Each structure stands twice: as C-alpha cells, then as structure tokens.
file input_34.txt (compact mmCIF, C-alpha atoms and all ligand atoms)
# COMPACT_ATOMS: atom_id res chain seq x y z
CA MET A 25 88.03 96.34 78.73
CA GLN A 26 87.95 98.52 75.67
CA GLN A 27 87.78 97.12 72.17
CA ARG A 28 91.12 98.72 71.29
CA LYS A 29 92.89 96.66 73.93
CA PHE A 30 91.45 93.40 72.66
CA GLN A 31 92.49 94.44 69.17
CA ARG A 32 96.10 94.73 70.31
CA LEU A 33 95.79 91.35 71.97
CA GLN A 34 94.41 89.83 68.78
CA ASN A 35 97.29 91.34 66.79
CA ILE A 36 99.80 89.65 69.10
CA ILE A 37 98.06 86.29 68.71
CA ASP A 38 97.86 86.77 64.92
CA GLY A 39 101.54 87.67 64.86
CA HIS A 40 102.21 84.14 66.05
CA GLU A 41 99.54 82.72 63.75
CA GLY A 42 97.76 81.41 66.83
CA ASN A 43 100.52 78.83 67.23
CA VAL A 44 100.03 77.08 70.58
CA SER A 45 103.74 76.28 70.86
CA HIS A 46 104.29 80.07 70.99
CA LEU A 47 102.11 80.47 74.06
CA ILE A 48 104.97 81.61 76.32
CA ALA A 49 106.16 84.17 73.77
CA ILE A 50 102.58 85.39 73.33
CA LEU A 51 102.13 85.78 77.09
CA GLN A 52 105.44 87.68 77.30
CA GLU A 53 104.31 90.15 74.65
CA VAL A 54 100.89 90.51 76.22
CA GLN A 55 102.44 91.15 79.62
CA GLU A 56 104.63 93.85 78.11
CA GLU A 57 101.48 95.50 76.84
CA TYR A 58 99.46 95.36 80.07
CA ARG A 59 102.33 95.05 82.61
CA TYR A 60 100.53 92.00 84.01
CA LEU A 61 98.16 89.30 82.83
CA PRO A 62 94.60 90.27 83.74
CA GLU A 63 92.20 87.36 84.10
CA GLU A 64 89.93 88.42 81.24
CA VAL A 65 92.97 88.63 78.99
CA LEU A 66 93.94 85.03 79.76
CA THR A 67 90.38 83.93 79.03
CA TYR A 68 90.45 85.83 75.74
CA ILE A 69 93.74 84.19 74.72
CA ALA A 70 92.36 80.72 75.49
CA THR A 71 89.19 81.33 73.47
CA ALA A 72 91.00 82.95 70.55
CA MET A 73 93.55 80.14 70.36
CA GLY A 74 91.02 77.37 70.94
CA ILE A 75 92.81 75.91 73.96
CA PRO A 76 91.47 75.21 77.46
CA PRO A 77 91.67 78.22 79.84
CA ALA A 78 93.37 75.89 82.35
CA THR A 79 96.32 75.49 79.97
CA VAL A 80 96.80 79.25 79.67
CA TYR A 81 96.38 79.77 83.43
CA GLY A 82 98.76 76.89 84.08
CA VAL A 83 101.54 78.49 82.03
CA ALA A 84 100.86 81.98 83.43
CA THR A 85 101.08 80.79 87.02
CA PHE A 86 103.97 78.36 86.53
CA TYR A 87 106.59 80.85 85.37
CA ALA A 88 107.85 83.47 87.83
CA GLN A 89 108.22 85.98 84.99
CA PHE A 90 104.44 86.23 84.68
CA SER A 91 102.30 88.17 87.09
CA MET A 92 98.56 87.99 87.44
CA ILE A 93 98.41 91.03 89.67
CA PRO A 94 99.07 94.57 88.44
CA LYS A 95 102.60 95.85 88.61
CA GLY A 96 103.89 99.39 88.62
CA LYS A 97 105.42 101.20 85.69
CA TYR A 98 108.75 100.98 87.50
CA VAL A 99 109.57 97.57 88.95
CA ILE A 100 112.39 97.94 91.46
CA LYS A 101 114.08 94.70 92.45
CA VAL A 102 116.15 94.70 95.59
CA CYS A 103 118.50 91.74 95.64
CA ASP A 104 118.38 89.85 98.90
CA GLY A 105 120.79 87.07 98.01
CA THR A 106 123.47 86.27 100.56
CA ALA A 107 126.11 88.79 99.41
CA CYS A 108 123.60 91.62 99.11
CA HIS A 109 121.91 90.73 102.38
CA VAL A 110 125.23 90.78 104.25
CA ARG A 111 126.07 94.16 102.74
CA GLY A 112 122.80 95.76 103.73
CA SER A 113 119.94 95.04 101.32
CA GLU A 114 117.43 95.09 104.15
CA PRO A 115 117.77 98.79 105.06
CA ILE A 116 117.54 99.59 101.33
CA ASN A 117 114.31 97.66 101.02
CA PHE A 118 112.99 99.28 104.17
CA ALA A 119 113.82 102.83 103.00
CA LEU A 120 112.14 102.24 99.67
CA ARG A 121 109.00 100.72 101.13
CA LYS A 122 108.73 103.45 103.74
CA GLU A 123 109.08 106.20 101.14
CA LEU A 124 106.44 104.58 98.92
CA LYS A 125 104.16 103.86 101.89
CA LEU A 126 103.95 100.15 101.13
CA THR A 127 102.66 98.28 104.13
CA GLY A 128 102.38 94.60 104.99
CA GLY A 129 102.75 92.42 101.92
CA GLU A 130 102.00 95.27 99.48
CA GLN A 131 104.40 95.44 96.57
CA THR A 132 102.79 98.00 94.32
CA THR A 133 101.76 101.59 94.99
CA LYS A 134 98.08 102.44 94.54
CA ASP A 135 98.83 104.73 91.59
CA LEU A 136 100.53 101.77 89.84
CA GLN A 137 103.75 103.72 89.46
CA PHE A 138 106.12 101.59 91.54
CA THR A 139 106.53 97.95 92.47
CA VAL A 140 109.16 96.85 94.97
CA GLU A 141 110.23 93.22 94.96
CA THR A 142 112.96 91.35 96.74
CA VAL A 143 114.70 88.76 94.64
CA SER A 144 117.41 86.20 95.21
CA CYS A 145 120.91 86.57 93.78
CA LEU A 146 120.97 88.54 90.53
CA GLY A 147 124.39 87.23 89.67
CA ALA A 148 126.24 90.49 90.24
CA CYS A 149 127.45 89.85 93.78
CA GLY A 150 130.64 91.86 93.20
CA LEU A 151 128.39 94.94 93.06
CA ALA A 152 126.44 94.04 96.21
CA PRO A 153 124.06 95.36 97.34
CA VAL A 154 122.34 95.51 93.96
CA VAL A 155 119.08 97.13 92.89
CA VAL A 156 117.66 96.66 89.38
CA VAL A 157 114.95 98.81 87.82
CA ASN A 158 112.79 97.40 85.00
CA GLU A 159 115.27 94.60 84.30
CA ASN A 160 117.74 96.90 82.58
CA GLU A 161 118.96 99.57 84.98
CA VAL A 162 121.48 98.12 87.41
CA HIS A 163 122.60 100.06 90.50
CA GLY A 164 125.45 98.51 92.43
CA GLN A 165 126.83 99.29 95.90
CA MET A 166 123.49 100.79 96.77
CA THR A 167 122.66 102.54 100.03
CA PRO A 168 119.30 103.57 101.52
CA ALA A 169 120.02 107.21 100.57
CA GLY A 170 121.15 106.16 97.10
CA VAL A 171 118.01 104.18 96.36
CA LEU A 172 115.85 107.15 97.41
CA GLU A 173 117.76 109.28 94.90
CA VAL A 174 117.07 106.72 92.17
CA LEU A 175 113.41 106.77 93.15
CA LYS A 176 113.34 110.58 93.15
CA LYS A 177 114.66 110.63 89.59
CA PHE A 178 111.67 108.58 88.41
CA GLN A 179 109.20 110.56 90.51
CA VAL A 180 110.44 113.83 88.99
CA GLN A 181 110.35 112.28 85.53
CA GLU A 182 106.69 111.36 86.05
CA GLU A 183 105.77 114.83 87.28
CA ASN A 184 107.15 116.52 84.18
S1 LIG B 201 123.54 88.23 96.19
FE1 LIG B 201 122.86 90.01 95.21
S2 LIG B 201 123.72 89.87 93.25
FE2 LIG B 201 124.34 88.04 94.23
call {"tool": "encode", "arguments": {"input": "input_34.txt", "output": "structure tokens"}}
result
Amino acid sequence: MQQRKFQRLQNIIDGHEGNVSHLIAILQEVQEEYRYLPEEVLTYIATAMGIPPATVYGVATFYAQFSMIPKGKYVIKVCDGTACHVRGSEPINFALRKELKLTGGEQTTKDLQFTVETVSCLGACGLAPVVVVNENEVHGQMTPAGVLEVLKKFQVQEEN
C-alpha cells in the first residue's frame, strides 16, 4: 500500500486524537476512504492506536456495516423483506446479477464497480419492492426492467 494511503489513515486517527472510544467512528471514516477494511489497514490502526489487533478485528467483524472484502463503487441493495419479496424482489435480484455476470455467491463485479446485496426490510414497505443505491438513492416499486435502467445510468456515467 502506498505511503499516501497510510497518511490519510493516520490523519483520520489523528482527527480523533487516537481516542480508543472513537474506534467505530474511525473505522467508519476509514471504510468510506477505502470502501472496505483491508486487513493491513486494520493492523495499521491497531498499531497506531496501541491496541490489540484482535480488538480492532473484533469490532470490524461484529458490525454488519463493516466489510472486510472489497465492495464496488455502487452498492445496490435489493430488499428481500416480506413485502418486497411478495411483490417480486427475486426477479429484480436475478436480472441485476445476470446483467452484471455475478455467479454463485459473488456480490461484487471484478472491476469493483458494482456490488449487489440482498437485505431484509428497509422500512419502506409501502414502496415495495425497494432498491437502494449507496444508502441514499431509493427506488420504489421497482421492476426487473426498471433496475436495469438504473444500472445503465451508472454504467453510462462511468463511461463518460
Ligand atoms: S420489506 Fe422491503 S422495505 Fe420492507
């Protein structure tokens, strides 16, 4: 990993004055930077903060919000809670995965552009089926064709 990246990491830790009680906040900021928590980054954090690596790993693996495997630039969450499932979340998920050529348990495309996850109820059942992109873009009453259009928009955006 390049020096510049560790520098950014150090700045985040310094921003919290190395305060161990800020570990979750630090990991959140670090994950924003790298999109996931690489192993060497967790080791660096532990060393820099003077805490056991097991503590840092423990927190990183305990909370669902943290990922230790790389995620795509666009994280597409397909809700598969009861309401969404009944209204057709499965064909949406299938269309998306087929278009992105994700096979088996794969969630992320090889070019690290897209991650497709299924999640349980997002709390917007009135809009079922619901798809959320990068936590902030909510698409309700989705269809397989609709989700491919959403995907296309990002693909075109990346090409330009
Ligand atoms: S089941 Fe999908 S938002 Fe509730």
call {"tool": "atom_distance", "arguments": {"input": "input_34.txt", "atom1": "CA of Gly105 (chain A)", "atom2": "CA of Val143 (chain A)"}}
result
7.2 Å
call {"tool": "closest_atom_pairs", "arguments": {"input": "input_34.txt", "of": "chain A", "to": "ligand LIG 201 (chain B)", "cutoff": "9 Å", "atoms": "only C-alpha atoms and all ligand atoms", "output": "Markdown table"}}
result
| residue | atom | partner | partner_atom | distance |
| --- | --- | --- | --- | --- |
| A:Val102 | CA | B:LIG201 | FE1 | 8.2 |
| A:Cys103 | CA | B:LIG201 | FE1 | 4.7 |
| A:Asp104 | CA | B:LIG201 | FE1 | 5.8 |
| A:Gly105 | CA | B:LIG201 | S1 | 3.5 |
| A:Thr106 | CA | B:LIG201 | S1 | 4.8 |
| A:Ala107 | CA | B:LIG201 | S1 | 4.2 |
| A:Cys108 | CA | B:LIG201 | FE1 | 4.3 |
| A:His109 | CA | B:LIG201 | S1 | 6.9 |
| A:Val110 | CA | B:LIG201 | S1 | 8.6 |
| A:Ser113 | CA | B:LIG201 | FE1 | 8.4 |
| A:Val143 | CA | B:LIG201 | FE1 | 8.3 |
| A:Ser144 | CA | B:LIG201 | S1 | 6.5 |
| A:Cys145 | CA | B:LIG201 | FE2 | 3.8 |
| A:Leu146 | CA | B:LIG201 | S2 | 4.1 |
| A:Gly147 | CA | B:LIG201 | S2 | 4.5 |
| A:Ala148 | CA | B:LIG201 | S2 | 4.0 |
| A:Cys149 | CA | B:LIG201 | FE2 | 3.6 |
| A:Gly150 | CA | B:LIG201 | S2 | 7.2 |
| A:Leu151 | CA | B:LIG201 | S2 | 6.9 |
| A:Ala152 | CA | B:LIG201 | FE1 | 5.5 |
| A:Pro153 | CA | B:LIG201 | FE1 | 5.9 |
| A:Val154 | CA | B:LIG201 | FE1 | 5.7 |
| A:Val155 | CA | B:LIG201 | FE1 | 8.4 |
| A:Gly164 | CA | B:LIG201 | S2 | 8.8 |
call {"tool": "residues_around", "arguments": {"input": "input_34.txt", "residues": "Gly129 (chain A)", "least_positions_apart": "3", "cutoff": "12 Å", "atoms": "all atoms listed in the file", "output": "compact mmCIF listing (two decimals) with C-alpha atoms, in the coordinates of the input"}}
result
# COMPACT_ATOMS: atom_id res chain seq x y z
CA ARG A 121 109.00 100.72 101.13
CA LYS A 125 104.16 103.86 101.89
CA LEU A 126 103.95 100.15 101.13
CA THR A 132 102.79 98.00 94.32
CA THR A 133 101.76 101.59 94.99
CA THR A 139 106.53 97.95 92.47
CA VAL A 140 109.16 96.85 94.97
CA GLU A 141 110.23 93.22 94.96
CA THR A 142 112.96 91.35 96.74
call {"tool": "atom_distance", "arguments": {"input": "input_34.txt", "atom1": "CA of Gly96 (chain A)", "atom2": "CA of Phe138 (chain A)"}}
result
4.3 Å
call {"tool": "residues_around", "arguments": {"input": "input_34.txt", "residues": "Tyr87 (chain A)", "least_positions_apart": "6", "cutoff": "12 Å", "atoms": "only C-alpha atoms", "output": "CSV table (one decimal) with C-alpha atoms, in the coordinates of the input"}}
result
chain,number,residue,atom,x,y,z
A,48,ILE,CA,105.0,81.6,76.3
A,51,LEU,CA,102.1,85.8,77.1
A,52,GLN,CA,105.4,87.7,77.3
A,80,VAL,CA,96.8,79.2,79.7
A,81,TYR,CA,96.4,79.8,83.4
call {"tool": "axis_aligned_box", "arguments": {"input": "input_34.txt", "around": "region 50-69 of chain A", "padding_each_side": "6 Å", "output": "JSON"}}
result
{"center_x": 97.7, "center_y": 89.7, "center_z": 78.7, "size_x": 27.5, "size_y": 23.6, "size_z": 22.8}
call {"tool": "closest_residue", "arguments": {"input": "input_34.txt", "among": "A:Ile100, A:Ile93, A:Ile116, A:Ile69", "to": "Glu161 (chain A)", "atoms": "only C-alpha atoms"}}
result
A:Ile100
call {"tool": "residues_around", "arguments": {"input": "input_34.txt", "residues": "Glu182 (chain A)", "least_positions_apart": "5", "cutoff": "10 Å", "atoms": "all atoms listed in the file", "output": "list in words"}}
result
Gln137, Lys176 and Lys177 of chain A
call {"tool": "closest_residue", "arguments": {"input": "input_34.txt", "among": "A:Thr79, A:Asn158, A:Thr167, A:Ser91", "to": "Phe118 (chain A)", "atoms": "all atoms listed in the file"}}
result
A:Thr167
call {"tool": "closest_residue", "arguments": {"input": "input_34.txt", "among": "A:Glu130, A:Leu124, A:Gly74, A:Leu136", "to": "Arg59 (chain A)", "atoms": "all atoms listed in the file"}}
result
A:Leu136
call {"tool": "atom_distance", "arguments": {"input": "input_34.txt", "atom1": "CA of Glu53 (chain A)", "atom2": "CA of Asp135 (chain A)"}}
result
23.0 Å
call {"tool": "closest_residue", "arguments": {"input": "input_34.txt", "among": "A:Thr85, A:Gln179, A:Gln31, A:Asn43", "to": "Tyr68 (chain A)", "atoms": "all atoms listed in the file"}}
result
A:Gln31
call {"tool": "residues_near_point", "arguments": {"input": "input_34.txt", "point": "(91.1, 82.9, 67.8)", "cutoff": "12 Å", "atoms": "all atoms listed in the file", "output": "ChimeraX atom specification"}}
result
/A:30-31,33-44,67-75
call {"tool": "closest_residue", "arguments": {"input": "input_34.txt", "among": "A:Glu63, A:Lys97, A:Val162, A:Pro168", "to": "Glu114 (chain A)", "atoms": "all atoms listed in the file"}}
result
A:Pro168
call {"tool": "closest_residue", "arguments": {"input": "input_34.txt", "among": "A:Ala84, A:Val156, A:Ala169, A:Lys101", "to": "Leu61 (chain A)", "atoms": "all atoms listed in the file"}}
result
A:Ala84
